[in-house]
Amino acid sequence: MKIKVELFGSSRDFSDKDHLELEVEDKALMKDLRNEIIKYLDKNFKGNINFIKIVKSSVFCSENNNIVSDNYKITKNEKIAIIPPIGGG
Amino acid sequence: MLHAKVIDIKEKKLTLSEAEKFVSSSNFGASIYFTGTVRNQNNNKNVIGITYDSHDELVLKSFKEIYNEADEKLKIKDKSVFIEHAKGYLNLEEISIIIAVACKHRDQAYVLSRYIIEEIKKKTPIWKKEHYADNQSEWLKGNPLINEKI
């Protein structure tokens, strides 16, 4: 299934668009999506270490605005947001 | 009472007058106005502006949670709180955040104001990209979001 990953903060450098569209297996967990993002970065940014660090230190937000764990089951066509380390104010 | 908003800087600037209007009440004897502004130096670099990015829905959710937690943790029931955070490009000295609080007494107002900004730093998904005098720019590293996961 195709998943739209909305980009925020430092992850916006992953694409010229404001999101990524990635293919994951049906019944994929959030950790599978995290791995898919890393694969995407390997392919498109030659495994840019700084980008991969961002993904590893990020949390993810489900479509209904909950921060979810790596074992969260992604539903079909769900829109997921990547939340890199924060720093407002 | 809580007023919480993310303001797109292309539409309007943050102003203290709106905060004053919201929190002023004869029920409260103490008000604190905190503003965060863009400063010209960070890590020995000459900053000329900052772009703020925001996950708006999560930001508003976190503002409400922080407000409600203040009830439980600080036991300050009677209060008025105004929180606005900017998103988009801000020049030096422009206001990125306003936190206005009004309480019955000054001790409560000082504690509440400090509590809110410190919790925002830990829990609110907002990001800063600094722009420098040498035309470079950089997302600031930040801290991993501390939040209960489902």
# chains A, B, ... in the order shown; residues from 1 in each chain; ligands from 1

$ closest_atom_pairs --of "chain A" --to "chain B" --cutoff "8 Å" --atoms "only C-alpha atoms" --output "JSON lines"
{"residue": "A:Phe8", "atom": "CA", "partner": "B:Asp53", "partner_atom": "CA", "distance": 6.8}
{"residue": "A:Gly9", "atom": "CA", "partner": "B:Trp127", "partner_atom": "CA", "distance": 5.1}
{"residue": "A:Ser10", "atom": "CA", "partner": "B:Trp139", "partner_atom": "CA", "distance": 5.6}
{"residue": "A:Ser57", "atom": "CA", "partner": "B:Pro144", "partner_atom": "CA", "distance": 6.3}
{"residue": "A:Ser58", "atom": "CA", "partner": "B:Pro144", "partner_atom": "CA", "distance": 6.6}
{"residue": "A:Val59", "atom": "CA", "partner": "B:Leu145", "partner_atom": "CA", "distance": 7.1}
{"residue": "A:Asn65", "atom": "CA", "partner": "B:Leu58", "partner_atom": "CA", "distance": 6.2}
{"residue": "A:Asn66", "atom": "CA", "partner": "B:Ile150", "partner_atom": "CA", "distance": 7.1}
{"residue": "A:Ile67", "atom": "CA", "partner": "B:Lys149", "partner_atom": "CA", "distance": 5.2}
{"residue": "A:Val68", "atom": "CA", "partner": "B:Ile150", "partner_atom": "CA", "distance": 4.7}
{"residue": "A:Ser69", "atom": "CA", "partner": "B:Lys149", "partner_atom": "CA", "distance": 5.3}
{"residue": "A:Tyr72", "atom": "CA", "partner": "B:Ile150", "partner_atom": "CA", "distance": 7.3}
{"residue": "A:Ile83", "atom": "CA", "partner": "B:Pro125", "partner_atom": "CA", "distance": 7.1}
{"residue": "A:Pro84", "atom": "CA", "partner": "B:Pro144", "partner_atom": "CA", "distance": 6.7}
{"residue": "A:Pro85", "atom": "CA", "partner": "B:Pro144", "partner_atom": "CA", "distance": 4.0}
{"residue": "A:Ile86", "atom": "CA", "partner": "B:Gly142", "partner_atom": "CA", "distance": 4.7}
{"residue": "A:Gly87", "atom": "CA", "partner": "B:Gly142", "partner_atom": "CA", "distance": 4.7}
{"residue": "A:Gly88", "atom": "CA", "partner": "B:Ile126", "partner_atom": "CA", "distance": 4.7}
{"residue": "A:Gly89", "atom": "CA", "partner": "B:Ile97", "partner_atom": "CA", "distance": 5.9}

$ write_last_selection --atoms "C-alpha atoms" --output "short mmCIF file (atom, residue, chain, number, x, y, z; two decimals), in the first residue's frame"
data_model
loop_
_atom_site.label_atom_id
_atom_site.label_comp_id
_atom_site.auth_asym_id
_atom_site.auth_seq_id
_atom_site.Cartn_x
_atom_site.Cartn_y
_atom_site.Cartn_z
CA PHE A 8 8.32 18.74 8.95
CA GLY A 9 11.36 20.59 10.25
CA SER A 10 14.70 19.18 9.19
CA SER A 57 15.66 10.34 16.27
CA SER A 58 12.17 11.17 14.96
CA VAL A 59 8.79 10.07 16.20
CA ASN A 65 -2.82 13.33 15.56
CA ASN A 66 -1.44 10.82 18.04
CA ILE A 67 2.25 10.18 18.54
CA VAL A 68 2.59 6.46 17.83
CA SER A 69 5.14 3.78 18.71
CA TYR A 72 1.74 0.94 15.57
CA ILE A 83 8.26 14.59 13.74
CA PRO A 84 12.02 15.27 13.96
CA PRO A 85 13.56 16.64 17.18
CA ILE A 86 11.72 19.84 18.10
CA GLY A 87 12.80 23.30 19.21
CA GLY A 88 10.29 26.12 19.11
CA GLY A 89 9.84 29.21 21.23
#

$ atom_distance --atom1 "CA of Lys12 (chain B)" --atom2 "CA of Val47 (chain B)"
22.5 Å

$ residues_around --residues "Ile38 (chain A)" --least-positions-apart "5" --cutoff "9 Å" --atoms "only C-alpha atoms" --output "number ranges by chain"
A: 33, 43, 47, 51-52, 55-56

$ residues_around --residues "region 103-105 of chain B" --least-positions-apart "4" --cutoff "7 Å" --atoms "only C-alpha atoms" --output "ChimeraX atom specification"
/B:27-31,78-80,109

$ write_last_selection --atoms "C-alpha atoms" --output "tab-separated table (two decimals), in the first residue's frame"
chain	number	residue	atom	x	y	z
B	27	ASN	CA	-10.87	38.50	38.46
B	28	PHE	CA	-7.08	38.58	38.23
B	29	GLY	CA	-4.56	40.78	40.04
B	30	ALA	CA	-1.38	39.62	38.26
B	31	SER	CA	-0.48	39.32	34.59
B	78	ASP	CA	-8.37	30.30	38.11
B	79	LYS	CA	-6.34	31.57	35.21
B	80	SER	CA	-6.43	33.04	31.75
B	109	ALA	CA	1.47	34.05	37.38

$ select_by_dssp --residues "chain A" --states "strand (DSSP E)" --output "ChimeraX atom specification"
/A:2-6,19-23,59-61,67-68,79-83

$ select_by_dssp --residues "chain A" --states "alpha helix (DSSP H)" --output "MDAnalysis selection string"
chainID A and resid 30:45 49:56

$ closest_residue --among "A:Val24, A:Met30, A:Asn44, A:Asp13" --to "Ile80 (chain A)" --atoms "only C-alpha atoms"
A:Met30

$ residues_around --residues "Asp16 (chain A)" --least-positions-apart "5" --cutoff "12 Å" --atoms "only C-alpha atoms" --output "list of chain:residue names"
A:Glu6, A:Leu7, A:Ser11

$ write_last_selection --atoms "N, CA, C and O atoms" --output "CSV table (one decimal), in the first residue's frame"
chain,number,residue,atom,x,y,z
A,6,GLU,N,4.1,13.1,5.6
A,6,GLU,CA,4.3,14.5,5.6
A,6,GLU,C,5.6,14.9,6.3
A,6,GLU,O,5.9,14.3,7.3
A,7,LEU,N,6.3,15.8,5.7
A,7,LEU,CA,7.6,16.2,6.2
A,7,LEU,C,7.5,17.5,7.0
A,7,LEU,O,6.9,18.5,6.6
A,11,SER,N,13.3,17.3,8.3
A,11,SER,CA,13.0,16.3,7.3
A,11,SER,C,12.5,16.9,6.0
A,11,SER,O,12.4,16.2,5.0

$ closest_residue --among "B:Ile83, B:Ile50, B:Val111, B:Val23" --to "Ala70 (chain B)" --atoms "only C-alpha atoms"
B:Val111

$ residues_around --residues "Asp26 (chain A)" --least-positions-apart "3" --cutoff "12 Å" --atoms "only C-alpha atoms" --output "number ranges by chain"
A: 1-3, 23, 29-30, 32-33, 73-78
